[in-house]
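Next comes data12.cif, with mmCIF, C-alpha atoms.
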data_run
loop_
_atom_site.label_atom_id
_atom_site.label_comp_id
_atom_site.auth_asym_id
_atom_site.auth_seq_id
_atom_site.Cartn_x
_atom_site.Cartn_y
_atom_site.Cartn_z
CA MET Z 3 -23.64 6.27 115.46
CA LEU Z 4 -22.48 4.56 112.21
CA GLU Z 5 -21.92 0.84 112.31
CA VAL Z 6 -20.83 -1.21 109.32
CA ASN Z 7 -20.78 -4.99 109.56
CA ASN Z 8 -19.48 -7.46 106.97
CA LEU Z 9 -19.87 -5.12 104.05
CA ASN Z 10 -19.15 -6.65 100.66
CA CYS Z 11 -19.28 -4.91 97.37
CA PHE Z 12 -18.90 -6.26 93.84
CA ARG Z 13 -18.40 -4.81 90.40
CA SER Z 14 -18.82 -7.04 87.36
CA ASN Z 15 -18.68 -10.04 89.73
CA GLU Z 16 -15.31 -8.87 91.05
CA SER Z 17 -15.08 -8.22 94.78
CA ILE Z 18 -14.14 -4.61 95.59
CA LEU Z 19 -14.82 -4.61 99.33
CA SER Z 20 -14.69 -7.82 101.32
CA ASP Z 21 -16.15 -8.34 104.81
CA LEU Z 22 -15.52 -4.79 105.91
CA SER Z 23 -16.54 -3.87 109.48
CA PHE Z 24 -15.99 -0.64 111.37
CA SER Z 25 -17.85 1.86 113.50
CA LEU Z 26 -17.83 5.61 113.88
CA ASP Z 27 -19.08 7.44 116.94
CA LYS Z 28 -20.44 10.93 117.38
CA GLY Z 29 -17.68 13.53 117.11
CA GLU Z 30 -15.16 11.08 115.63
CA VAL Z 31 -13.12 11.25 112.46
CA LEU Z 32 -12.22 8.05 110.66
CA GLU Z 33 -9.88 8.03 107.69
CA ILE Z 34 -10.22 5.27 105.15
CA ILE Z 35 -6.73 4.85 103.79
CA GLY Z 36 -5.81 3.00 100.64
CA THR Z 37 -4.09 3.09 97.30
CA ASN Z 38 -5.76 4.05 94.02
CA GLY Z 39 -8.44 1.53 93.15
CA SER Z 40 -8.58 0.03 96.63
CA GLY Z 41 -12.29 0.86 96.94
CA LYS Z 42 -12.31 4.05 99.05
CA THR Z 43 -14.81 5.88 96.86
CA THR Z 44 -16.80 2.69 96.37
CA LEU Z 45 -17.11 2.37 100.13
CA LEU Z 46 -18.53 5.89 100.53
CA ARG Z 47 -20.92 5.37 97.60
CA THR Z 48 -22.02 2.00 98.96
CA LEU Z 49 -22.84 3.52 102.35
CA LEU Z 50 -25.05 6.05 100.58
CA GLY Z 51 -26.86 3.39 98.58
CA LEU Z 52 -25.39 4.51 95.28
CA ILE Z 53 -24.01 1.06 94.51
CA LYS Z 54 -26.48 -1.74 94.13
CA GLU Z 55 -24.27 -4.80 94.18
CA SER Z 56 -23.49 -4.82 97.88
CA GLN Z 57 -24.22 -6.99 100.90
CA GLY Z 58 -23.82 -6.45 104.60
CA GLU Z 59 -25.29 -4.43 107.41
CA ILE Z 60 -25.15 -0.66 107.78
CA LYS Z 61 -26.67 0.88 110.90
CA TRP Z 62 -27.18 4.54 111.65
CA ASN Z 63 -28.00 5.43 115.25
CA GLY Z 64 -28.94 1.79 115.78
CA ASN Z 65 -31.37 1.65 112.86
CA LEU Z 66 -30.74 -0.50 109.83
CA VAL Z 67 -30.03 1.60 106.71
CA THR Z 68 -31.86 0.54 103.57
CA ARG Z 69 -32.12 2.16 100.19
CA GLU Z 70 -35.78 2.83 100.89
CA ASN Z 71 -35.67 4.42 104.37
CA GLN Z 72 -32.97 6.97 103.47
CA ILE Z 73 -32.10 7.50 107.14
CA LEU Z 74 -28.40 7.91 106.38
CA THR Z 75 -28.66 10.16 103.33
CA SER Z 76 -31.06 12.51 105.13
CA GLU Z 77 -28.44 13.21 107.80
CA SER Z 78 -25.25 13.09 105.76
CA PHE Z 79 -23.28 15.26 103.40
CA TYR Z 80 -21.29 13.64 100.62
CA GLN Z 81 -18.44 15.27 98.74
CA GLY Z 82 -17.27 12.93 96.03
CA HIS Z 83 -14.14 12.95 93.93
CA SER Z 84 -16.19 14.83 91.34
CA LEU Z 85 -17.33 17.95 93.13
CA ALA Z 86 -20.76 18.43 91.49
CA LEU Z 87 -19.83 21.97 90.45
CA LYS Z 88 -20.94 23.63 87.24
CA GLY Z 89 -18.29 25.57 85.36
CA ARG Z 90 -20.81 27.95 83.84
CA LEU Z 91 -22.13 29.07 87.21
CA THR Z 92 -20.42 31.44 89.61
CA VAL Z 93 -19.21 30.36 93.04
CA ILE Z 94 -22.33 31.77 94.72
CA GLU Z 95 -24.68 30.30 92.11
CA ASN Z 96 -23.06 26.89 92.52
CA ILE Z 97 -23.71 26.94 96.23
CA TYR Z 98 -27.17 28.50 96.07
CA LEU Z 99 -28.31 26.10 93.33
CA SER Z 100 -26.51 23.09 94.76
CA ALA Z 101 -27.94 19.66 93.96
CA HIS Z 102 -27.65 18.93 97.67
CA PRO Z 103 -30.47 21.11 98.98
CA LEU Z 104 -29.01 23.76 101.24
CA ASN Z 105 -31.01 26.41 103.05
CA PHE Z 106 -29.11 29.24 104.68
CA GLU Z 107 -28.93 32.95 105.30
CA THR Z 108 -26.75 35.06 102.99
CA ASP Z 109 -24.53 36.06 105.96
CA LYS Z 110 -23.79 32.41 106.62
CA LEU Z 111 -22.84 31.87 103.00
CA MET Z 112 -20.44 34.82 103.05
CA GLU Z 113 -18.92 33.56 106.30
CA SER Z 114 -18.39 30.14 104.73
CA LEU Z 115 -16.71 31.64 101.69
CA GLU Z 116 -14.51 33.73 103.95
CA ARG Z 117 -13.47 30.62 105.87
CA VAL Z 118 -12.19 29.01 102.67
CA ASN Z 119 -10.70 32.27 101.41
CA LEU Z 120 -13.02 32.60 98.42
CA LEU Z 121 -15.04 35.68 99.31
CA ASN Z 122 -13.23 37.74 96.65
CA LYS Z 123 -14.07 35.08 94.04
CA LYS Z 124 -17.77 34.78 94.85
CA ASP Z 125 -18.92 36.15 91.49
CA VAL Z 126 -16.31 34.34 89.39
CA LEU Z 127 -17.33 31.46 87.13
CA VAL Z 128 -16.19 28.15 88.58
CA SER Z 129 -14.60 27.22 85.22
CA GLU Z 130 -12.12 30.05 85.83
CA LEU Z 131 -10.97 28.68 89.19
CA SER Z 132 -8.05 26.37 89.84
CA VAL Z 133 -8.60 22.77 90.96
CA GLY Z 134 -7.79 23.72 94.56
CA GLN Z 135 -10.19 26.67 94.50
CA LYS Z 136 -12.95 24.43 93.13
CA LYS Z 137 -12.35 22.13 96.04
CA ARG Z 138 -12.71 25.07 98.40
CA VAL Z 139 -16.11 25.94 96.86
CA SER Z 140 -17.28 22.47 97.73
CA ILE Z 141 -15.81 22.71 101.22
CA ALA Z 142 -17.67 26.00 101.77
CA LYS Z 143 -20.90 23.97 101.70
CA TRP Z 144 -19.92 22.02 104.82
CA LEU Z 145 -21.06 24.81 107.15
CA LEU Z 146 -24.30 25.30 105.24
CA THR Z 147 -25.86 21.90 105.91
CA ASP Z 148 -27.33 20.40 109.03
CA ALA Z 149 -25.67 17.04 108.32
CA ARG Z 150 -24.51 14.84 111.20
CA LEU Z 151 -22.18 12.71 109.11
CA TYR Z 152 -19.76 13.99 106.48
CA LEU Z 153 -18.50 11.52 103.89
CA ILE Z 154 -15.65 13.27 102.15
CA ASP Z 155 -13.60 11.72 99.37
CA GLU Z 156 -9.97 12.87 99.57
CA PRO Z 157 -10.64 16.22 101.31
CA PHE Z 158 -6.99 17.31 101.35
CA SER Z 159 -6.04 16.57 97.75
CA ALA Z 160 -5.25 19.60 95.56
CA LEU Z 161 -5.20 21.94 98.58
CA ASP Z 162 -2.30 24.19 99.57
CA ASP Z 163 -1.18 24.58 103.20
CA GLN Z 164 -3.71 27.33 103.84
CA GLY Z 165 -6.54 25.21 102.39
CA HIS Z 166 -5.34 22.21 104.40
CA LYS Z 167 -5.51 24.24 107.60
CA ALA Z 168 -8.95 25.64 106.72
CA VAL Z 169 -10.26 22.08 106.26
CA GLU Z 170 -8.75 20.91 109.54
CA ASP Z 171 -10.27 23.89 111.36
CA LEU Z 172 -13.66 23.20 109.81
CA ILE Z 173 -13.49 19.54 110.78
CA LYS Z 174 -12.58 20.54 114.34
CA GLU Z 175 -15.48 22.99 114.50
CA LEU Z 176 -18.01 20.52 113.14
CA ILE Z 177 -16.76 17.77 115.48
CA ASN Z 178 -17.35 20.11 118.40
CA ARG Z 179 -20.93 20.42 117.17
CA GLY Z 180 -21.26 16.64 117.37
CA CYS Z 181 -20.75 15.81 113.71
CA SER Z 182 -18.69 12.83 112.52
CA PHE Z 183 -16.40 12.49 109.53
CA LEU Z 184 -15.57 9.60 107.28
CA LEU Z 185 -12.67 10.69 105.11
CA THR Z 186 -10.68 8.89 102.44
CA GLY Z 187 -7.05 9.42 101.54
CA HIS Z 188 -3.81 7.80 100.49
CA ARG Z 189 -2.13 8.40 103.84
CA LYS Z 190 -3.04 9.50 107.34
CA SER Z 191 -3.49 13.26 107.47
CA ASN Z 192 -3.77 13.82 111.22
CA GLU Z 193 -2.59 11.70 114.15
CA GLU Z 194 -5.75 12.54 116.09
CA TYR Z 195 -7.98 10.90 113.50
CA GLY Z 196 -8.82 7.22 113.56
CA ALA Z 197 -7.62 5.22 110.57
CA PHE Z 198 -8.75 2.19 108.69
CA HIS Z 199 -6.60 0.60 105.99
CA LEU Z 200 -8.31 -0.90 102.97
CA ASP Z 201 -5.27 -2.58 101.44
CA MET F 9 -31.37 25.18 109.84
CA ASN F 10 -34.69 24.85 108.02
CA LYS F 11 -35.05 22.31 105.24
CA LEU F 12 -36.01 23.60 101.82
CA ASN F 13 -39.46 22.55 100.70
CA LEU F 14 -39.89 20.44 97.58
CA THR F 15 -41.25 23.31 95.46
CA SER F 16 -38.17 25.43 96.19
CA ILE F 17 -35.88 22.52 95.37
CA LEU F 18 -37.63 21.88 92.06
CA PHE F 19 -37.63 25.59 91.22
CA ARG F 20 -33.90 25.86 91.97
CA LEU F 21 -33.19 22.85 89.76
CA LEU F 22 -35.12 24.46 86.90
CA GLN F 23 -33.37 27.79 87.50
CA LYS F 24 -29.96 26.08 87.50
CA ASP F 25 -30.50 24.17 84.25
CA LEU F 26 -31.89 27.24 82.47
CA LEU F 27 -29.03 29.44 83.69
CA ILE F 28 -26.41 26.94 82.50
CA ALA F 29 -28.15 26.64 79.11
CA TYR F 30 -28.39 30.42 78.79
CA ARG F 31 -24.60 30.63 79.20
CA LYS F 32 -23.99 27.71 76.85
CA THR F 33 -25.50 29.03 73.64
CA SER F 34 -24.85 25.84 71.67
CA SER F 35 -27.41 24.00 73.81
CA TYR F 36 -30.31 25.90 72.25
CA LEU F 37 -28.72 27.22 69.05
CA THR F 38 -27.64 23.84 67.63
CA PRO F 39 -31.15 22.26 67.48
CA LEU F 40 -32.63 25.57 66.36
CA ILE F 41 -30.15 26.06 63.51
CA PHE F 42 -30.54 22.44 62.41
CA PHE F 43 -34.34 22.85 62.34
CA LEU F 44 -34.09 26.08 60.33
CA VAL F 45 -31.58 24.59 57.88
CA VAL F 46 -33.90 21.66 57.12
CA LEU F 47 -36.90 23.99 56.71
CA THR F 48 -34.96 26.31 54.42
CA PHE F 49 -33.35 23.66 52.25
CA PHE F 50 -36.52 21.71 51.48
CA PRO F 51 -38.33 24.51 49.60
CA LEU F 52 -35.04 25.50 47.94
CA ALA F 53 -34.42 21.98 46.70
CA ILE F 54 -38.00 21.16 45.74
CA GLY F 55 -39.05 24.44 44.16
CA SER F 56 -41.91 26.84 44.69
CA ASP F 57 -44.86 24.59 43.84
CA SER F 58 -47.15 25.81 46.62
CA SER F 59 -49.57 22.86 46.63
CA PHE F 60 -46.72 20.34 46.75
CA LEU F 61 -44.98 22.25 49.54
CA ASN F 62 -48.29 22.29 51.40
CA ARG F 63 -48.54 18.52 51.09
CA ILE F 64 -45.04 17.79 52.40
CA ALA F 65 -45.00 20.57 55.02
CA PRO F 66 -46.36 18.62 58.04
CA GLY F 67 -44.01 15.68 57.48
CA THR F 68 -41.00 17.93 56.91
CA LEU F 69 -41.73 20.08 59.96
CA TRP F 70 -42.19 17.06 62.18
CA ILE F 71 -39.14 15.16 60.94
CA ALA F 72 -37.05 18.31 61.41
CA ALA F 73 -38.45 18.71 64.94
CA LEU F 74 -37.77 15.07 65.77
CA LEU F 75 -34.18 15.10 64.52
CA SER F 76 -33.48 18.47 66.16
CA SER F 77 -34.66 17.21 69.54
CA LEU F 78 -32.37 14.18 69.19
CA LEU F 79 -29.34 16.43 68.76
CA ALA F 80 -29.44 17.49 72.38
CA VAL F 81 -30.12 14.09 73.95
CA GLU F 82 -26.55 13.54 75.07
CA SER F 83 -26.41 16.75 77.09
CA LEU F 84 -29.40 15.83 79.23
CA PHE F 85 -27.65 13.67 81.86
CA ASN F 86 -24.05 13.11 80.73
CA GLU F 87 -22.69 16.34 82.20
CA ASP F 88 -24.43 15.67 85.52
CA PHE F 89 -23.04 12.14 85.46
CA ASN F 90 -19.48 13.26 84.79
CA ASP F 91 -19.36 16.08 87.34
CA GLY F 92 -20.97 14.16 90.23
CA THR F 93 -24.28 16.06 90.23
CA LEU F 94 -26.23 12.89 89.50
CA ASP F 95 -24.97 11.27 92.72
CA GLN F 96 -26.05 14.36 94.65
CA LEU F 97 -29.53 14.19 93.09
CA PHE F 98 -29.86 10.55 94.12
CA ILE F 99 -28.94 11.23 97.74
CA SER F 100 -30.98 14.44 97.98
CA ASN F 101 -33.90 12.45 99.43
CA GLN F 102 -36.28 14.03 96.96
CA PRO F 103 -38.60 12.06 94.66
CA ILE F 104 -36.22 11.36 91.78
CA PHE F 105 -38.99 11.10 89.20
CA LEU F 106 -40.07 14.67 90.02
CA LEU F 107 -36.49 15.90 89.65
CA ILE F 108 -36.38 14.16 86.27
CA ILE F 109 -39.67 15.74 85.17
CA VAL F 110 -38.20 19.16 86.02
CA LYS F 111 -34.96 18.36 84.18
CA VAL F 112 -36.88 17.19 81.12
CA PHE F 113 -39.10 20.26 81.24
CA SER F 114 -36.05 22.54 81.37
CA HIS F 115 -34.52 20.54 78.50
CA TRP F 116 -37.72 21.10 76.53
CA MET F 117 -37.67 24.83 77.29
CA ILE F 118 -34.09 24.98 76.02
CA THR F 119 -34.39 22.81 72.90
CA GLY F 120 -38.13 22.48 72.19
CA SER F 121 -39.47 25.98 72.65
CA PRO F 122 -37.07 27.61 70.12
CA ILE F 123 -38.31 25.03 67.60
CA LEU F 124 -41.89 26.17 68.22
CA LEU F 125 -40.95 29.74 67.35
CA ALA F 126 -38.92 28.62 64.34
CA SER F 127 -41.86 26.56 63.07
CA MET F 128 -43.61 29.87 62.37
CA ILE F 129 -40.91 30.50 59.77
CA GLY F 130 -41.85 27.10 58.33
CA VAL F 131 -45.44 28.30 58.00
CA ILE F 132 -44.16 31.07 55.72
CA PHE F 133 -41.68 28.89 53.76
CA PHE F 134 -44.26 26.19 53.10
CA ASP F 135 -47.07 28.67 52.50
CA LEU F 136 -49.34 27.03 55.10
CA PRO F 137 -52.81 28.48 55.77
CA THR F 138 -52.98 30.60 58.94
CA SER F 139 -55.83 28.39 60.17
CA SER F 140 -53.33 25.55 60.64
CA ILE F 141 -50.98 27.53 62.92
CA PHE F 142 -52.86 26.74 66.12
CA THR F 143 -52.90 22.99 65.43
CA LEU F 144 -49.26 23.00 64.37
CA LEU F 145 -48.23 24.80 67.56
CA VAL F 146 -50.31 22.67 69.94
CA SER F 147 -49.19 19.43 68.27
CA LEU F 148 -45.55 20.56 68.40
CA ILE F 149 -45.84 21.56 72.09
CA LEU F 150 -47.28 18.15 73.01
CA GLY F 151 -45.08 16.22 70.59
CA THR F 152 -41.77 17.85 71.48
CA LEU F 153 -42.54 17.38 75.18
CA ILE F 154 -43.13 13.65 74.57
CA LEU F 155 -39.92 13.52 72.51
CA SER F 156 -38.03 15.18 75.37
CA PHE F 157 -39.24 12.51 77.80
CA LEU F 158 -38.30 9.77 75.33
CA SER F 159 -34.91 11.42 74.82
CA ALA F 160 -34.40 11.46 78.59
CA PHE F 161 -35.06 7.74 78.70
CA GLY F 162 -32.68 7.14 75.80
CA GLY F 163 -30.08 9.38 77.44
CA ALA F 164 -30.40 7.47 80.72
CA LEU F 165 -30.05 4.08 79.02
CA SER F 166 -26.95 5.21 77.15
CA LEU F 167 -25.42 7.20 80.04
CA GLY F 168 -21.71 7.75 79.47
CA LYS F 169 -21.94 6.38 75.93
CA GLY F 170 -22.46 8.09 72.58
CA ALA F 171 -25.45 10.06 71.34
CA ILE F 172 -25.98 7.63 68.48
CA LEU F 173 -27.04 4.90 70.89
CA SER F 174 -29.60 7.26 72.45
CA ALA F 175 -30.95 8.09 69.01
CA ILE F 176 -31.27 4.41 68.11
CA ILE F 177 -33.19 3.80 71.34
CA VAL F 178 -35.45 6.84 70.98
CA LEU F 179 -36.32 6.74 67.27
CA PRO F 180 -38.62 3.68 67.23
CA PHE F 181 -40.61 5.02 70.21
CA SER F 182 -41.05 8.40 68.54
CA ILE F 183 -42.83 7.01 65.46
CA PRO F 184 -46.37 7.29 67.00
CA VAL F 185 -45.66 10.93 67.92
CA LEU F 186 -44.46 11.64 64.40
CA LEU F 187 -47.55 10.02 62.85
CA LEU F 188 -50.04 11.76 65.16
CA GLY F 189 -48.36 15.16 64.88
CA THR F 190 -48.19 14.95 61.10
CA ALA F 191 -51.80 13.75 60.90
CA ALA F 192 -53.04 16.61 63.10
CA THR F 193 -51.23 19.25 61.03
CA ASN F 194 -52.40 17.64 57.78
CA ALA F 195 -55.99 17.61 58.99
CA ALA F 196 -55.80 21.28 59.97
CA ILE F 197 -54.38 22.21 56.54
CA GLN F 198 -57.20 20.32 54.85
CA GLU F 199 -59.68 21.92 57.29
CA ILE F 200 -61.03 18.62 58.58
CA GLU F 201 -61.45 17.39 62.17
CA TYR F 202 -58.07 17.39 63.92
CA SER F 203 -58.86 17.53 67.63
CA SER F 204 -58.82 13.74 68.09
CA TYR F 205 -55.13 13.66 67.10
CA LEU F 206 -54.34 16.38 69.61
CA PHE F 207 -56.25 14.52 72.33
CA PHE F 208 -54.24 11.41 71.51
CA LEU F 209 -50.99 13.36 71.78
CA GLY F 210 -52.17 14.89 75.08
CA ALA F 211 -53.10 11.46 76.43
CA MET F 212 -49.72 10.10 75.35
CA LEU F 213 -47.96 12.91 77.17
CA PHE F 214 -49.82 12.24 80.43
CA ILE F 215 -49.05 8.52 80.19
CA VAL F 216 -45.44 8.99 79.14
CA MET F 217 -44.60 11.65 81.74
CA PRO F 218 -44.85 9.57 84.96
CA PHE F 219 -43.92 6.19 83.51
CA ILE F 220 -40.92 7.36 81.52
CA SER F 221 -39.70 9.47 84.44
CA ILE F 222 -39.76 6.48 86.78
CA ALA F 223 -38.08 4.27 84.14
CA THR F 224 -35.50 7.00 83.48
CA ALA F 225 -34.71 7.28 87.20
CA GLU F 226 -34.16 3.53 87.43
CA ALA F 227 -32.01 3.49 84.27
CA LEU F 228 -29.89 6.33 85.65
CA ARG F 229 -29.49 4.56 88.97
CA ILE F 230 -28.34 1.36 87.26
CA ASN F 231 -26.02 3.06 84.78
CA SER F 232 -24.43 5.47 87.28
CA ASP F 233 -23.65 2.57 89.65
#
Please, can you express the file's structure as structure tokens?
Amino acid sequence: MLEVNNLNCFRSNESILSDLSFSLDKGEVLEIIGTNGSGKTTLLRTLLGLIKESQGEIKWNGNLVTRENQILTSESFYQGHSLALKGRLTVIENIYLSAHPLNFETDKLMESLERVNLLNKKDVLVSELSVGQKKRVSIAKWLLTDARLYLIDEPFSALDDQGHKAVEDLIKELINRGCSFLLTGHRKSNEEYGAFHLD
Amino acid sequence: MNKLNLTSILFRLLQKDLLIAYRKTSSYLTPLIFFLVVLTFFPLAIGSDSSFLNRIAPGTLWIAALLSSLLAVESLFNEDFNDGTLDQLFISNQPIFLLIIVKVFSHWMITGSPILLASMIGVIFFDLPTSSIFTLLVSLILGTLILSFLSAFGGALSLGKGAILSAIIVLPFSIPVLLLGTAATNAAIQEIEYSSYLFFLGAMLFIVMPFISIATAEALRINSD
């Protein structure tokens, strides 16, 4: 499904990622593990074409990914370290007016909010939520896309046990639908997931 | 799950920016208050000589409009850059230059349109003839829209840096707009032919809109890397 061969990435002529190769199949979860500054976020952004200074081969379903053909971005969902949420909008408004175009029925939205335990906060301004709750708003979008690949930067950070379990359940559900996950983190979060160390 | 069509996406983007601005009063009040302060202080400082006020009115109104529009340059992309929205726009698979046109248009609605209304107060302060109102309004609509596009370009080039850098980038490019806008308003006050200036401003807008949007998209892509 996703195949990365000899990926190199530079910033100000300094190498961030060097000759990185890995693959991810349908229904798989791969965790990119590394310390702060090891290039986890850079890797996700490079795959999406957000970083120009990169070399190497990225293939999606056997087809070469280029910045122009957008075959990966059209089938993926990216949740960065910054969650792309607006503090002056409510939870519902943030999802409805998301920069990532989502199209869904209201029932589906409510179900998603229920899954992340935010239904009672749906009309609250995001600026009034805690860091963990903001993360949950972003996670609620996972069920509202038709993405095949989820690139999630540190999905478990700032979450309590309940949030952690909700994320794991969501991942399980989406894997059963044939989706794949590329996660980043400082340590392995689940023994069932594949892991790739950047350090 | 059906994909949203482009019109819905653009409409939602406009709705989002306007809603955020509505809840952040400083985004439209700051340029408006600055514009009004300049318009009020000029007649107070210069005195009530009506013919002199008439002569300096177009220049004063236009300089006030130009400086007011620069005040909000920083807010155009910096917030989206800092909160990750810009990345999401780039991977949304939509024509980025169209998204930028919508963002600039919403920015103009927030910062430019209050200036249009406030310019009517300027007409009273500077004792301008009512026959010049139409020209003043049309020139300001076209001119402030061009300034918003130029501001977007400046904001993209100085992404993550200070507003002063944006202003330094934008100011030289805004001189033709200032000259044409002032000339159109002057001509209308003197009741001579003014339409050519408005046509020039209109032509500038239609040239600036696509080219600046594409350049802005590229500048954002490079600077958000």
Show me, as a ChimeraX atom specification, the residues of chain F whose atoms get within 7 Å of chain Z, using all atoms listed in the file for the distance check.
/F:9-12,17,20-21,24,28,31,91-93,96-97,99-101,233
Ground truth for the PyMOL selection byres ((chain F and resi 223) around 12), written as an NGL selection string:
:F and (104-105 or 108-109 or 157-158 or 160-165 or 216-222 or 224-230)
Just say which residues the PyMOL selection byres ((chain F and resi 124-138) around 7) picks in this file, as a list in words.
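Selected by the PyMOL selection byres ((chain F and resi 124-138) around 7) here: Leu44, Leu47, Pro51, Ser58, Leu61, Asn62, Ala65, Gly120, Ser121, Pro122, Ile123, Ser139, Ser140, Ile141, Leu145, Leu148 and Ile197 of chain F.
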Evaluate the PyMOL selection byres ((chain F and resi 43) around 7) and report residues as a PyMOL selection string:
chain F and resi 39-42+44-47+72-73+76+123
Could you tell me how far atom CA of Phe181 of chain F lies from atom CA of Leu37 of chain F, in Å and to one decimal?
25.2 Å
Please measure the separation of atom CA of Tyr205 of chain F and atom CA of Leu75 of chain F, giving the value in Å to one decimal.
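Between atom CA of Tyr205 of chain F and atom CA of Leu75 of chain F the gap works out to 21.2 Å.
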Protein and nucleic acid residues near (-23.9, -6.1, 98.7) (cut-off 7 Å, all atoms listed in the file) as an MDAnalysis selection string:
chainID Z and resid 9:12 54:58
Given the choices Z:Leu121, Z:Leu131, Z:Leu200, Z:Lys28, which gets closest to Arg179 of chain Z if the distance is worked out from only C-alpha atoms?
Z:Lys28
Report, in Å with one decimal, the straight-line distance from atom CA of Leu74 of chain F to atom CA of Ser182 of chain F.
7.9 Å
Spatial sel., origin (-26.0, 11.2, 74.3), limit 9 Å, all atoms listed in the file, listed as a list in words:
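It turns out the residues near that spot are Leu78, Leu79, Ala80, Val81, Glu82, Ser83, Leu84, Phe85, Asn86, Ser159, Gly162, Gly163, Ala164, Ser166, Leu167, Gly168, Lys169, Gly170, Ala171, Ile172, Leu173, Ser174 and Ala175 of chain F.
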